[in-house]
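*Asks:* I am sharing start_21.cif, which consists of mmCIF, C-alpha atoms and all ligand atoms:
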```cif
data_target
loop_
_atom_site.label_atom_id
_atom_site.label_comp_id
_atom_site.auth_asym_id
_atom_site.auth_seq_id
_atom_site.Cartn_x
_atom_site.Cartn_y
_atom_site.Cartn_z
CA MET O 1109 -8.78 -9.45 9.42
CA ARG O 1110 -9.12 -8.54 13.11
CA SER O 1111 -11.28 -5.62 14.10
CA ASN O 1112 -11.96 -3.74 17.31
CA LYS O 1113 -14.91 -1.44 16.84
CA LEU O 1114 -14.25 0.35 20.15
CA THR O 1115 -10.94 1.81 19.01
CA ALA O 1116 -11.27 1.94 15.23
CA LEU O 1117 -10.69 5.46 13.89
CA PRO O 1118 -13.71 6.71 11.88
CA CYS O 1119 -11.63 7.88 8.94
CA HIS O 1120 -12.78 7.93 5.32
CA ILE O 1121 -10.86 6.33 2.48
CA ILE O 1122 -11.04 8.13 -0.85
CA PRO O 1123 -9.69 7.21 -4.28
CA ALA O 1124 -7.59 10.31 -4.95
CA GLY O 1125 -7.55 12.49 -8.06
CA PRO O 1126 -4.96 15.13 -8.96
CA ASN O 1127 -6.81 17.86 -7.03
CA ASP O 1128 -6.26 15.95 -3.78
CA VAL O 1129 -2.50 15.72 -4.21
CA PRO O 1130 -1.33 19.17 -2.96
CA GLN O 1131 -3.03 18.79 0.45
CA ALA O 1132 -2.11 15.11 0.71
CA PHE O 1133 1.53 15.99 0.10
CA GLN O 1134 1.45 18.76 2.73
CA ASP O 1135 -0.22 16.56 5.34
CA LEU O 1136 1.79 13.37 4.76
CA LYS O 1137 5.30 14.54 3.85
CA ARG O 1138 6.33 15.23 7.46
CA ASP O 1139 6.83 11.50 7.99
CA MET O 1140 9.09 11.20 4.93
CA ASN O 1141 12.84 11.44 4.71
CA PRO O 1142 13.35 15.10 3.63
CA ASP O 1143 15.79 13.95 0.95
CA PHE O 1144 13.04 11.97 -0.75
CA VAL O 1145 9.95 14.20 -0.49
CA HIS O 1146 10.23 15.08 -4.19
CA VAL O 1147 10.04 11.37 -5.01
CA PHE O 1148 6.94 11.08 -2.82
CA LEU O 1149 5.26 14.05 -4.56
CA ASP O 1150 6.05 12.58 -7.97
CA LYS O 1151 4.55 9.27 -6.88
CA LEU O 1152 1.35 10.89 -5.58
CA GLN O 1153 0.97 12.80 -8.85
CA ARG O 1154 1.50 9.75 -11.05
CA TYR O 1155 -0.76 7.46 -9.04
CA SER O 1156 -3.58 10.03 -8.96
CA VAL O 1157 -3.81 10.34 -12.76
CA LYS O 1158 -2.69 7.15 -14.50
CA PRO O 1159 -5.49 4.68 -15.27
CA ASP O 1160 -3.39 1.58 -14.52
CA ARG O 1161 -2.90 2.51 -10.85
CA ALA O 1162 -4.61 4.07 -7.87
CA LEU O 1163 -3.87 6.27 -4.89
CA PHE O 1164 -6.08 5.82 -1.82
CA LEU O 1165 -6.05 8.45 0.91
CA ALA O 1166 -7.27 8.12 4.49
CA LYS O 1167 -8.89 11.36 5.70
CA TYR O 1168 -9.78 12.26 9.28
CA GLN O 1169 -11.11 15.60 10.51
CA GLY O 1170 -10.19 17.31 7.25
CA LYS O 1171 -6.57 16.07 7.18
CA TYR O 1172 -4.91 13.25 5.28
CA ILE O 1173 -3.44 10.72 7.69
CA GLY O 1174 -2.42 7.81 5.49
CA PHE O 1175 -2.14 6.53 1.95
CA ALA O 1176 -1.87 3.36 -0.10
CA THR O 1177 -0.88 2.89 -3.73
CA VAL O 1178 -1.54 -0.02 -6.05
CA ILE O 1179 -0.61 -0.73 -9.67
CA ASN O 1180 -1.65 -3.17 -12.36
CA GLN O 1181 1.23 -5.10 -13.90
CA SER O 1182 4.26 -3.89 -12.04
CA PRO O 1183 7.37 -5.67 -13.37
CA ALA O 1184 8.22 -8.84 -11.43
CA PRO O 1185 11.28 -8.67 -9.14
CA ASP O 1186 14.71 -9.03 -10.77
CA ASN O 1187 15.73 -12.61 -11.63
CA SER O 1188 12.16 -13.94 -11.38
CA ASP O 1189 11.56 -17.23 -13.15
CA THR O 1190 8.94 -17.64 -15.88
CA ALA O 1191 6.31 -19.05 -13.53
CA THR O 1192 6.67 -16.05 -11.22
CA ILE O 1193 6.48 -13.58 -14.10
CA ARG O 1194 3.32 -15.29 -15.39
CA LEU O 1195 1.71 -15.31 -11.95
CA LEU O 1196 2.48 -11.69 -11.13
CA GLN O 1197 1.17 -10.52 -14.51
CA LYS O 1198 -2.27 -11.52 -13.23
CA TYR O 1199 -1.78 -9.77 -9.91
CA ALA O 1200 -1.96 -6.17 -8.77
CA CYS O 1201 1.06 -4.86 -6.86
CA GLY O 1202 0.77 -2.91 -3.61
CA THR O 1203 3.51 -0.30 -3.91
CA GLY O 1204 3.12 1.96 -0.88
CA LEU O 1205 1.35 2.02 2.46
CA MET O 1206 1.82 4.53 5.25
CA VAL O 1207 -0.16 5.85 8.21
CA LEU O 1208 1.05 8.84 10.22
CA PRO O 1209 2.51 7.64 13.55
CA GLU O 1210 -0.12 9.13 15.86
CA PHE O 1211 -2.94 7.38 13.97
CA ARG O 1212 -1.44 3.88 13.95
CA HIS O 1213 -3.01 0.80 15.58
CA LYS O 1214 -6.50 2.11 14.91
CA GLY O 1215 -7.36 0.09 11.82
CA VAL O 1216 -6.46 2.76 9.23
CA ALA O 1217 -4.05 0.57 7.26
CA SER O 1218 -6.58 -2.26 7.42
CA LYS O 1219 -9.09 -0.01 5.65
CA LEU O 1220 -6.50 1.00 3.04
CA ILE O 1221 -5.53 -2.62 2.39
CA GLN O 1222 -9.20 -3.47 1.94
CA GLN O 1223 -9.22 -0.88 -0.90
CA TRP O 1224 -6.25 -2.64 -2.53
CA HIS O 1225 -8.30 -5.82 -2.58
CA ILE O 1226 -11.46 -4.16 -3.93
CA TRP O 1227 -9.44 -2.39 -6.66
CA THR O 1228 -7.73 -5.66 -7.60
CA LEU O 1229 -11.04 -7.43 -8.14
CA GLN O 1230 -12.55 -4.44 -9.97
CA ASN O 1231 -9.61 -4.63 -12.37
CA ASP O 1232 -10.16 -8.34 -13.04
CA LEU O 1233 -6.88 -9.34 -11.42
CA SER O 1234 -6.59 -12.56 -9.43
CA GLY O 1235 -4.55 -11.42 -6.49
CA ILE O 1236 -2.06 -8.98 -5.10
CA TRP O 1237 1.66 -9.04 -4.42
CA LEU O 1238 4.07 -6.77 -2.65
CA VAL O 1239 7.65 -6.49 -1.52
CA THR O 1240 8.45 -5.61 2.08
CA ARG O 1241 11.57 -5.38 4.19
CA GLN O 1242 10.18 -5.38 7.73
CA MET O 1243 6.43 -5.95 7.65
CA SER O 1244 6.26 -9.49 6.30
CA ASP O 1245 4.94 -11.07 9.53
CA TRP O 1246 2.38 -8.30 9.92
CA TYR O 1247 0.89 -8.83 6.45
CA GLN O 1248 0.82 -12.60 6.99
CA ARG O 1249 -0.70 -12.46 10.46
CA LEU O 1250 -3.37 -9.82 9.89
CA PHE O 1251 -4.16 -10.03 6.19
CA GLN O 1252 -3.37 -13.64 5.26
CA TYR O 1253 -0.59 -12.84 2.80
CA THR O 1254 1.68 -15.77 1.93
CA PHE O 1255 5.47 -15.88 1.76
CA TYR O 1256 6.46 -16.26 -1.92
CA GLY O 1257 10.22 -15.65 -1.90
CA THR O 1258 12.90 -13.05 -1.42
CA THR O 1259 14.56 -10.47 -3.63
CA ILE O 1260 17.49 -8.11 -3.30
CA ARG O 1261 16.71 -4.45 -3.96
CA HIS O 1262 19.49 -1.86 -3.72
CA GLY O 1263 21.55 -4.40 -1.81
CA VAL O 1264 18.83 -5.08 0.77
CA LYS O 1265 17.08 -8.45 1.14
CA LYS O 1266 13.29 -8.12 0.98
CA THR O 1267 10.36 -10.50 1.17
CA ILE O 1268 7.89 -11.07 -1.65
CA LEU O 1269 4.35 -11.76 -0.43
CA THR O 1270 1.27 -12.74 -2.39
CA LYS O 1271 -2.43 -13.07 -1.69
CA SER O 1272 -4.80 -14.81 -4.03
CA LEU O 1273 -8.22 -13.16 -4.13
CA ARG O 1274 -10.11 -15.67 -6.32
C1 LIG O 1301 2.51 -0.59 8.81
C2 LIG O 1301 1.48 0.51 9.02
C3 LIG O 1301 0.99 1.00 7.65
C4 LIG O 1301 0.30 -0.02 9.83
O1 LIG O 1301 -0.69 0.99 9.93
P1 LIG O 1301 -1.85 0.92 11.04
O2 LIG O 1301 -2.90 1.90 10.65
O3 LIG O 1301 -1.25 1.06 12.39
O4 LIG O 1301 -2.39 -0.57 10.85
P2 LIG O 1301 -3.76 -1.14 11.47
O5 LIG O 1301 -4.19 -0.30 12.62
O6 LIG O 1301 -4.74 -1.36 10.39
O7 LIG O 1301 -3.28 -2.51 11.98
C5 LIG O 1301 -2.27 -2.48 12.95
C6 LIG O 1301 -2.83 -2.93 14.28
O8 LIG O 1301 -4.10 -2.42 14.62
C7 LIG O 1301 -4.99 -3.50 14.87
N1 LIG O 1301 -6.28 -3.19 14.26
C8 LIG O 1301 -6.72 -3.58 13.06
N2 LIG O 1301 -7.95 -3.12 12.86
C9 LIG O 1301 -8.26 -2.41 13.95
C10 LIG O 1301 -9.39 -1.69 14.34
N3 LIG O 1301 -10.48 -1.63 13.56
N4 LIG O 1301 -9.37 -1.06 15.52
C11 LIG O 1301 -8.29 -1.13 16.31
N5 LIG O 1301 -7.20 -1.82 16.01
C12 LIG O 1301 -7.19 -2.45 14.84
C13 LIG O 1301 -4.39 -4.69 14.26
O9 LIG O 1301 -4.74 -5.83 15.01
C14 LIG O 1301 -2.94 -4.39 14.33
O10 LIG O 1301 -2.40 -4.75 15.56
P3 LIG O 1301 -0.86 -5.06 15.69
O11 LIG O 1301 -0.12 -4.48 14.51
O12 LIG O 1301 -0.49 -4.40 16.97
O13 LIG O 1301 -0.79 -6.54 15.71
C15 LIG O 1301 2.09 1.70 9.81
O14 LIG O 1301 2.69 1.21 10.99
C16 LIG O 1301 3.14 2.48 9.04
O15 LIG O 1301 2.79 3.44 8.31
N6 LIG O 1301 4.42 2.09 9.16
C17 LIG O 1301 5.50 2.74 8.44
C18 LIG O 1301 5.44 2.45 6.94
C19 LIG O 1301 5.40 0.95 6.66
O16 LIG O 1301 6.08 0.16 7.29
N7 LIG O 1301 4.59 0.58 5.65
C20 LIG O 1301 4.50 -0.78 5.18
C21 LIG O 1301 5.56 -0.97 4.15
S1 LIG O 1301 5.52 -2.57 3.40
#
```
Write out the structure in this file as C-alpha cells.
Ligand SMILES: CC(C)(COP(=O)(O)OP(=O)(O)OC[C@H]1O[C@@H](n2cnc3c(N)ncnc32)[C@H](O)[C@@H]1OP(=O)(O)O)[C@@H](O)C(=O)NCCC(=O)NCCS
*Replies:*
Amino acid sequence: MRSNKLTALPCHIIPAGPNDVPQAFQDLKRDMNPDFVHVFLDKLQRYSVKPDRALFLAKYQGKYIGFATVINQSPAPDNSDTATIRLLQKYACGTGLMVLPEFRHKGVASKLIQQWHIWTLQNDLSGIWLVTRQMSDWYQRLFQYTFYGTTIRHGVKKTILTKSLR
C-alpha cells in the first residue's frame, strides 16, 4: 500500500454502532443517488447492528466523510462453480466503500480498506473478495487484489477480485 504522510488526511476510522447511523446518513447521503438514499439508510442500519458484518466510518472534524462495509459469508456470485463457492465461504466480502469527493486522494479509503483486512482476520476468515464495475485496476494496483473472474449483475458485467490474507 502506498502512503504519503505529507498529504494523508488525519481522519479517524470507527467501527459504527446504531447510534452513529443518523449522523452518518446525514453527512454521507449527499453523494448518493436521491432515488436510492432509503436503500443506503437501510444498509447503514443493518451493518451497524448485525454481528456477521461491520460498518466502518471515517470521521474528520466532527463529520463523517466516508464509509466501508464488510460481511462474513455473502453468497457467491450467480453461476459460481463449487470451487468458487467453497473458497468464498472462507472469505469476507467487501460490500461498500465510499469517500466524499472533496476528501479523495488523501488515503481515507486506504484506511478503511485496512479495517476490512483487520476485521477479516479477527473473524478467522482467510481473505476478502469483492465485486466492482470500475475500480478493478485501482484495487489491484494499490491493495494487491487479484482478478478472479467476472459476473453479470443487473445486466452489467462486473469484476470479481480476491485477496488472500493468510
Ligand atoms: C474509490 C474511492 C473509495 C477511493 O477513495 P480515496 O479516499 O480517494 O482513496 P485513497 O486516497 O486511499 O487512495 C486513492 C489515491 O490516494 C493515494 N493515497 C493512498 N494513501 C495516501 C496517503 N496516505 N496520502 C495521500 N495519498 C494517498 C493513492 O496512491 C491513490 O492514488 P491514485 O488513486 O491517484 O492512484 C473514492 O474515489 C470513491 O468513493 N469513489 C466512488 C465510490 C467507489 O467507486 N467506490 C468503490 C466501489 S468498488
*Asks:* Counting only C-alpha atoms and all ligand atoms, which residues of chain O sit at most 10 Å from some atom of ligand LIG 1301 (chain O), and what is each one's closest atom pair with its distance in Å to one decimal, listed by chain and rising residue number, as a Markdown table?
*Replies:*
```
| residue | atom | partner | partner_atom | distance |
| --- | --- | --- | --- | --- |
| O:Met1109 | CA | O:LIG1301 | C8 | 7.2 |
| O:Arg1110 | CA | O:LIG1301 | O9 | 5.5 |
| O:Ser1111 | CA | O:LIG1301 | N3 | 4.1 |
| O:Asn1112 | CA | O:LIG1301 | N4 | 4.1 |
| O:Lys1113 | CA | O:LIG1301 | N3 | 5.5 |
| O:Leu1114 | CA | O:LIG1301 | N4 | 6.9 |
| O:Thr1115 | CA | O:LIG1301 | N4 | 4.8 |
| O:Ala1116 | CA | O:LIG1301 | N4 | 3.6 |
| O:Leu1117 | CA | O:LIG1301 | N4 | 6.8 |
| O:Pro1118 | CA | O:LIG1301 | N3 | 9.1 |
| O:Asp1139 | CA | O:LIG1301 | C17 | 8.9 |
| O:Met1140 | CA | O:LIG1301 | C18 | 9.7 |
| O:Ala1166 | CA | O:LIG1301 | O2 | 9.8 |
| O:Ile1173 | CA | O:LIG1301 | O2 | 9.3 |
| O:Gly1174 | CA | O:LIG1301 | O15 | 7.4 |
| O:Phe1175 | CA | O:LIG1301 | C3 | 8.5 |
| O:Ala1176 | CA | O:LIG1301 | C3 | 8.6 |
| O:Gly1202 | CA | O:LIG1301 | S1 | 8.5 |
| O:Thr1203 | CA | O:LIG1301 | S1 | 7.9 |
| O:Gly1204 | CA | O:LIG1301 | C21 | 6.3 |
| O:Leu1205 | CA | O:LIG1301 | N7 | 4.8 |
| O:Met1206 | CA | O:LIG1301 | O15 | 3.4 |
| O:Val1207 | CA | O:LIG1301 | O15 | 3.8 |
| O:Leu1208 | CA | O:LIG1301 | O15 | 6.0 |
| O:Pro1209 | CA | O:LIG1301 | O15 | 6.7 |
| O:Glu1210 | CA | O:LIG1301 | O3 | 8.9 |
| O:Phe1211 | CA | O:LIG1301 | O2 | 6.4 |
| O:Arg1212 | CA | O:LIG1301 | O3 | 3.2 |
| O:His1213 | CA | O:LIG1301 | O5 | 3.4 |
| O:Lys1214 | CA | O:LIG1301 | C11 | 4.0 |
| O:Gly1215 | CA | O:LIG1301 | O5 | 3.3 |
| O:Val1216 | CA | O:LIG1301 | O2 | 3.9 |
| O:Ala1217 | CA | O:LIG1301 | O6 | 3.7 |
| O:Ser1218 | CA | O:LIG1301 | O6 | 3.6 |
| O:Lys1219 | CA | O:LIG1301 | O6 | 6.6 |
| O:Leu1220 | CA | O:LIG1301 | O6 | 7.9 |
| O:Ile1221 | CA | O:LIG1301 | O6 | 8.1 |
| O:Gln1222 | CA | O:LIG1301 | O6 | 9.8 |
| O:Leu1238 | CA | O:LIG1301 | S1 | 7.5 |
| O:Val1239 | CA | O:LIG1301 | S1 | 6.6 |
| O:Thr1240 | CA | O:LIG1301 | S1 | 4.4 |
| O:Arg1241 | CA | O:LIG1301 | S1 | 6.7 |
| O:Gln1242 | CA | O:LIG1301 | O16 | 6.9 |
| O:Met1243 | CA | O:LIG1301 | S1 | 5.5 |
| O:Ser1244 | CA | O:LIG1301 | S1 | 7.5 |
| O:Asp1245 | CA | O:LIG1301 | O13 | 9.6 |
| O:Trp1246 | CA | O:LIG1301 | O11 | 6.5 |
| O:Tyr1247 | CA | O:LIG1301 | S1 | 8.4 |
| O:Arg1249 | CA | O:LIG1301 | O13 | 7.9 |
| O:Leu1250 | CA | O:LIG1301 | O9 | 6.6 |
| O:Phe1251 | CA | O:LIG1301 | O7 | 9.5 |
| O:Lys1266 | CA | O:LIG1301 | S1 | 9.9 |
| O:Thr1267 | CA | O:LIG1301 | S1 | 9.6 |
```
*Asks:* Could you check how far atom CA of O:His1225 sits from atom CA of O:Leu1273, in Å to one decimal?
*Replies:*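 Separating atom CA of O:His1225 from atom CA of O:Leu1273 is a distance of 7.5 Å.
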*Asks:* Got a sec to check which residues sit within 10 Å of (-2.6, 7.6, -9.7), counting all atoms listed in the file, and write them as a PDB file with C-alpha atoms, keeping the file's coordinate frame?
*Replies:*
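Contents of out-v3.pdb, as written:
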```pdb
ATOM      1  CA  PRO O1123      -9.690   7.210  -4.280  1.00  0.00           C
ATOM      2  CA  ALA O1124      -7.590  10.310  -4.950  1.00  0.00           C
ATOM      3  CA  GLY O1125      -7.550  12.490  -8.060  1.00  0.00           C
ATOM      4  CA  PRO O1126      -4.960  15.130  -8.960  1.00  0.00           C
ATOM      5  CA  VAL O1129      -2.500  15.720  -4.210  1.00  0.00           C
ATOM      6  CA  LYS O1151       4.550   9.270  -6.880  1.00  0.00           C
ATOM      7  CA  LEU O1152       1.350  10.890  -5.580  1.00  0.00           C
ATOM      8  CA  GLN O1153       0.970  12.800  -8.850  1.00  0.00           C
ATOM      9  CA  ARG O1154       1.500   9.750 -11.050  1.00  0.00           C
ATOM     10  CA  TYR O1155      -0.760   7.460  -9.040  1.00  0.00           C
ATOM     11  CA  SER O1156      -3.580  10.030  -8.960  1.00  0.00           C
ATOM     12  CA  VAL O1157      -3.810  10.340 -12.760  1.00  0.00           C
ATOM     13  CA  LYS O1158      -2.690   7.150 -14.500  1.00  0.00           C
ATOM     14  CA  PRO O1159      -5.490   4.680 -15.270  1.00  0.00           C
ATOM     15  CA  ASP O1160      -3.390   1.580 -14.520  1.00  0.00           C
ATOM     16  CA  ARG O1161      -2.900   2.510 -10.850  1.00  0.00           C
ATOM     17  CA  ALA O1162      -4.610   4.070  -7.870  1.00  0.00           C
ATOM     18  CA  LEU O1163      -3.870   6.270  -4.890  1.00  0.00           C
ATOM     19  CA  PHE O1164      -6.080   5.820  -1.820  1.00  0.00           C
ATOM     20  CA  THR O1177      -0.880   2.890  -3.730  1.00  0.00           C
ATOM     21  CA  VAL O1178      -1.540  -0.020  -6.050  1.00  0.00           C
ATOM     22  CA  ILE O1179      -0.610  -0.730  -9.670  1.00  0.00           C
TER      23      ILE O1179
END
```
*Asks:* Go ahead and compute the interatomic distance for atom CA of O:Leu1195 and atom CA of O:Phe1148, in Å to one decimal.
*Replies:*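 Result for atom CA of O:Leu1195 versus atom CA of O:Phe1148: 28.4 Å, one decimal.
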*Asks:* Quick one: pull the distance between atom CA of O:Pro1185 and atom CA of O:Gln1223, Å, one decimal.
*Replies:* 23.4 Å
*Asks:* Smallest atom-to-atom distance to O:Trp1224: which of O:Ile1121, O:Gln1131, O:Tyr1172, O:Pro1183, using all atoms listed in the file?
*Replies:* O:Ile1121
*Asks:* Let me make sure I understand: among O:Asn1180, O:Lys1198, O:Tyr1253, O:Asp1186, which one has the smallest atom-to-atom distance to O:Trp1227 if we use all atoms listed in the file?
*Replies:*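 Under the stated criterion, the closest residue is O:Asn1180.
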*Asks:* When you count all atoms listed in the file, which of these residues is closest to O:Leu1229: O:Arg1274, O:His1120, O:Phe1133, O:Arg1194?
*Replies:*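 Result for the nearest residue to O:Leu1229: O:Arg1274.
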*Asks:* Could you tell me which of O:Ser1188, O:Asn1127, O:Asn1231, O:Ser1182 comes closest to O:Ile1260 if we count all atoms listed in the file?
*Replies:* O:Ser1188
*Asks:* Smallest atom-to-atom distance to O:Phe1255: which of O:Ser1234, O:Asn1141, O:Thr1270, O:Tyr1199, using all atoms listed in the file?
*Replies:*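 The shortest atom-to-atom distance to O:Phe1255 comes from O:Thr1270.
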*Asks:* So which one's closest to O:Asp1150, O:Ile1268, O:Lys1171, O:Pro1130, O:Thr1228? Using all atoms listed in the file, please.
*Replies:*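 Checking each of O:Ile1268, O:Lys1171, O:Pro1130, O:Thr1228 against O:Asp1150, counting all atoms listed in the file, the winner is O:Pro1130.
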